[in-house]
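Have a look at upload-v4.cif below; it lists mmCIF, C-alpha atoms.
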data_start
loop_
_atom_site.label_atom_id
_atom_site.label_comp_id
_atom_site.auth_asym_id
_atom_site.auth_seq_id
_atom_site.Cartn_x
_atom_site.Cartn_y
_atom_site.Cartn_z
CA PRO A 101 24.13 43.33 127.15
CA ARG A 102 23.62 40.99 124.26
CA ARG A 103 20.21 40.08 123.13
CA ALA A 104 19.33 36.42 122.78
CA ALA A 105 18.48 35.33 119.30
CA HIS A 106 15.08 33.86 119.07
CA HIS A 107 14.93 30.34 117.64
CA PRO A 108 11.59 28.74 116.91
CA GLY A 109 10.53 26.62 119.87
CA THR A 110 13.00 28.32 122.27
CA THR A 111 11.82 30.68 124.96
CA PRO A 112 13.77 33.90 125.59
CA ALA A 113 14.61 32.68 129.11
CA ALA A 114 16.09 29.43 127.78
CA ALA A 115 18.14 31.30 125.19
CA ALA A 116 19.48 33.68 127.86
CA SER A 117 20.44 30.72 130.06
CA HIS A 118 22.28 29.15 127.14
CA PHE A 119 24.31 32.30 126.48
CA ARG A 120 25.16 32.71 130.18
CA THR A 121 26.47 29.13 130.32
CA ALA A 122 28.49 29.67 127.15
CA ARG A 123 30.00 32.91 128.57
CA LEU A 124 31.01 31.14 131.81
CA ARG A 125 32.63 28.31 129.89
CA ALA A 126 34.59 30.78 127.78
CA THR A 127 36.11 32.40 130.89
CA GLU A 128 37.15 29.11 132.54
CA ALA A 129 40.69 27.90 132.03
CA PRO A 130 40.93 24.54 130.27
CA ARG A 131 41.58 21.68 132.64
CA PRO A 132 44.64 19.55 131.96
CA CYS A 133 43.95 15.91 131.28
CA THR A 134 45.97 13.73 133.63
CA ALA A 135 44.43 10.36 132.80
CA ALA A 136 45.94 8.09 130.19
CA PRO A 137 43.89 7.90 127.01
CA ARG A 138 41.41 5.06 127.09
CA ARG A 139 41.23 2.50 124.37
CA ARG A 140 37.75 1.55 123.42
CA ALA A 141 37.02 -2.11 123.03
CA LEU A 142 35.32 -3.11 119.84
CA ALA A 143 31.78 -3.98 120.76
CA PRO A 144 29.50 -6.07 118.56
CA PRO A 145 26.77 -4.14 116.81
CA ALA A 146 23.81 -3.48 119.04
CA ALA A 147 21.48 -5.23 116.59
CA LEU A 148 23.21 -8.60 116.96
CA PRO A 149 22.77 -10.61 120.15
CA PRO A 150 25.85 -12.42 121.47
CA LEU A 151 26.55 -15.84 119.95
CA THR A 152 25.94 -18.76 122.31
CA SER A 153 27.03 -22.39 122.17
CA GLU A 154 23.41 -23.38 121.50
CA ASP A 155 23.45 -21.22 118.37
CA VAL A 156 26.61 -22.90 117.11
CA ALA A 157 25.28 -26.38 117.91
CA GLY A 158 22.04 -25.62 116.09
CA GLY A 159 23.98 -24.58 113.01
CA PHE A 160 26.05 -27.75 113.01
CA PHE A 161 22.90 -29.78 113.57
CA GLY A 162 21.23 -28.36 110.49
CA VAL A 163 24.28 -28.67 108.27
CA SER A 164 25.05 -32.24 109.39
CA LEU A 165 21.77 -33.52 107.97
CA PHE A 166 22.99 -33.29 104.36
CA PRO A 167 26.12 -35.46 104.76
CA TYR A 168 24.05 -38.03 106.66
CA LEU A 169 21.46 -38.16 103.88
CA ALA A 170 24.31 -38.65 101.39
CA PHE A 171 25.64 -41.47 103.62
CA LEU A 172 22.22 -43.16 103.55
CA TYR A 173 21.98 -42.72 99.78
CA TYR A 174 25.34 -44.37 99.10
CA LEU A 175 24.70 -47.04 101.71
CA ARG A 176 21.49 -47.95 99.91
CA LYS A 177 23.14 -47.73 96.51
CA SER A 178 25.98 -50.08 97.53
CA GLY A 179 23.53 -52.86 98.41
CA GLY A 180 25.99 -54.43 100.85
CA MET A 181 24.20 -53.46 104.06
CA PRO A 182 21.80 -55.92 105.66
CA PRO A 183 18.22 -54.59 105.47
CA LEU A 184 17.66 -54.37 109.24
CA ALA A 185 20.94 -52.50 109.76
CA PHE A 186 20.03 -50.08 106.96
CA PHE A 187 16.63 -49.59 108.60
CA GLY A 188 18.47 -48.79 111.85
CA PHE A 189 20.56 -46.11 110.16
CA CYS A 190 17.38 -44.63 108.67
CA PHE A 191 15.65 -44.84 112.06
CA LEU A 192 18.27 -42.46 113.41
CA LEU A 193 16.34 -39.75 111.55
CA VAL A 194 13.29 -40.64 113.68
CA PHE A 195 15.42 -39.95 116.75
CA VAL A 196 16.63 -36.66 115.29
CA PHE A 197 13.20 -35.42 114.24
CA GLY A 198 11.63 -36.71 117.46
CA SER A 199 14.15 -34.84 119.58
CA ILE A 200 13.43 -31.47 117.97
CA PRO A 201 9.80 -31.15 119.17
CA ALA A 202 10.83 -32.57 122.56
CA ALA A 203 13.51 -29.89 122.91
CA ILE A 204 11.05 -27.16 121.93
CA TYR A 205 8.49 -28.46 124.41
CA ALA A 206 11.10 -28.55 127.18
CA LYS A 207 12.10 -24.95 126.46
CA VAL A 208 8.51 -23.65 126.25
CA GLU A 209 6.91 -25.59 129.10
CA TYR A 210 9.81 -25.92 131.53
CA GLY A 211 12.11 -23.07 130.46
CA SER A 212 14.97 -25.56 130.32
CA GLN A 213 16.92 -27.58 127.81
CA LEU A 214 15.92 -31.12 126.87
CA ALA A 215 18.71 -32.76 128.90
CA ASP A 216 17.29 -31.22 132.09
CA VAL A 217 13.75 -32.61 131.69
CA ASP A 218 14.23 -36.27 132.57
CA TRP A 219 11.03 -37.79 131.22
CA LEU A 220 11.37 -36.03 127.85
CA HIS A 221 15.07 -36.73 127.61
CA GLY A 222 14.57 -40.40 128.44
CA THR A 223 11.85 -40.73 125.82
CA ALA A 224 14.03 -39.12 123.16
CA GLU A 225 17.02 -41.26 124.12
CA SER A 226 14.89 -44.41 123.88
CA LEU A 227 14.59 -43.69 120.14
CA LEU A 228 18.38 -43.67 119.95
CA THR A 229 18.48 -46.96 121.85
CA LEU A 230 16.12 -48.48 119.28
CA THR A 231 18.34 -47.16 116.50
CA ASN A 232 21.38 -48.87 118.02
CA LEU A 233 19.42 -52.07 118.52
CA PHE A 234 18.30 -52.18 114.87
CA VAL A 235 21.83 -51.54 113.60
CA VAL A 236 23.44 -54.18 115.85
CA LEU A 237 20.81 -56.85 115.14
CA GLY A 238 20.99 -56.12 111.42
CA LEU A 239 24.77 -56.36 111.31
CA ARG A 240 24.65 -59.53 113.41
CA ALA A 241 22.17 -61.08 110.97
CA GLY A 242 24.39 -60.03 108.07
CA MET A 243 27.44 -61.68 109.67
CA ALA A 244 25.47 -64.85 110.34
CA GLU A 245 24.34 -64.92 106.72
CA ALA A 246 27.89 -64.40 105.51
CA ARG A 247 29.10 -67.20 107.79
CA GLY A 248 26.43 -69.50 106.41
CA ASP A 249 27.77 -68.87 102.89
CA GLY A 250 31.14 -70.33 103.87
CA SER A 251 32.79 -67.14 105.10
CA LYS A 252 34.49 -67.27 108.48
CA ASP A 253 34.93 -64.48 111.02
CA THR A 254 38.28 -65.83 112.22
CA PRO A 255 40.98 -67.45 110.13
CA GLN A 256 41.42 -71.18 110.70
CA GLU A 257 44.65 -72.46 112.20
CA GLU A 258 47.00 -74.26 109.87
CA GLY A 259 46.92 -78.04 110.02
CA SER A 260 43.32 -78.45 111.15
#
Would you kindly transcribe this structure into structure tokens?
Amino acid sequence: PRRAAHHPGTTPAAAASHFRTARLRATEAPRPCTAAPRRRALAPPAALPPLTSEDVAGGFFGVSLFPYLAFLYYLRKSGGMPPLAFFGFCFLLVFVFGSIPAAIYAKVEYGSQLADVDWLHGTAESLLTLTNLFVVLGLRAGMAEARGDGSKDTPQEEGS
């Protein structure tokens, strides 16, 4: 009989068991494979969590701030916007930055998104309502001022 080689950390009984298993495997006939080969799907790396729609929306949210700030800059630079309407467009940032803490609070305290917590969602949406109100009233005042300068909203009929 063969003697088991002694490896550090291996007992002689474990080594003997290993050689017995190896000898049995060597005497067995190979089994034919009858199954079709499987194709492995490409899985994302284990370190990256799956991408959700909230992740995508958050990315768009952050990136969209820069074009909006450029819009406000050129709107201000043009000088053609009535002051209250311009204030309304700026007030939209209050809605945006007011919604962020509300969404965080809804997630932490209620374990839900902002749209599912009615009192928080309603409060945040009221800021958007104020934004719309400022813009509409400002544009209305601008149209009234333009009309007072002799400009008309509708063309006059001929012969009147």
Matched chain/residue IDs from the PyMOL selection byres ((chain A and resi 232) around 12), as a PyMOL selection string: chain A and resi 184-192+195+225-231+233-239
Go ahead and save the residues from that selection, with C-alpha atoms, as a CSV table (one decimal), keeping the file's coordinate frame.
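Written file, again-v2.csv:
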chain,number,residue,atom,x,y,z
A,184,LEU,CA,17.7,-54.4,109.2
A,185,ALA,CA,20.9,-52.5,109.8
A,186,PHE,CA,20.0,-50.1,107.0
A,187,PHE,CA,16.6,-49.6,108.6
A,188,GLY,CA,18.5,-48.8,111.8
A,189,PHE,CA,20.6,-46.1,110.2
A,190,CYS,CA,17.4,-44.6,108.7
A,191,PHE,CA,15.6,-44.8,112.1
A,192,LEU,CA,18.3,-42.5,113.4
A,195,PHE,CA,15.4,-40.0,116.8
A,225,GLU,CA,17.0,-41.3,124.1
A,226,SER,CA,14.9,-44.4,123.9
A,227,LEU,CA,14.6,-43.7,120.1
A,228,LEU,CA,18.4,-43.7,120.0
A,229,THR,CA,18.5,-47.0,121.8
A,230,LEU,CA,16.1,-48.5,119.3
A,231,THR,CA,18.3,-47.2,116.5
A,233,LEU,CA,19.4,-52.1,118.5
A,234,PHE,CA,18.3,-52.2,114.9
A,235,VAL,CA,21.8,-51.5,113.6
A,236,VAL,CA,23.4,-54.2,115.8
A,237,LEU,CA,20.8,-56.8,115.1
A,238,GLY,CA,21.0,-56.1,111.4
A,239,LEU,CA,24.8,-56.4,111.3
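Atom pair atom CA of A:Asp218 / atom CA of A:Leu193: separated by 21.4 Å.
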What is the atom CA of A:Ala215-atom CA of A:Ala170 distance in Å, reported with one decimal? 28.7 Å
Could you work out an axis-aligned box for stretch 209-216 of chain A, taking every atom the file lists and adding 6 Å on each side, and report centre and edge lengths in Å to one decimal, as JSON?
{"center_x": 12.8, "center_y": -27.9, "center_z": 129.5, "size_x": 23.8, "size_y": 21.7, "size_z": 17.2}
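Picture a line from atom CA of A:Gln213 to atom CA of A:Ile200; it runs 11.1 Å.
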Given the choices A:Leu151, A:Ala157, A:Ala224, A:Ala244, which gets closest to A:Val196 if the distance is worked out from all atoms listed in the file? A:Ala224
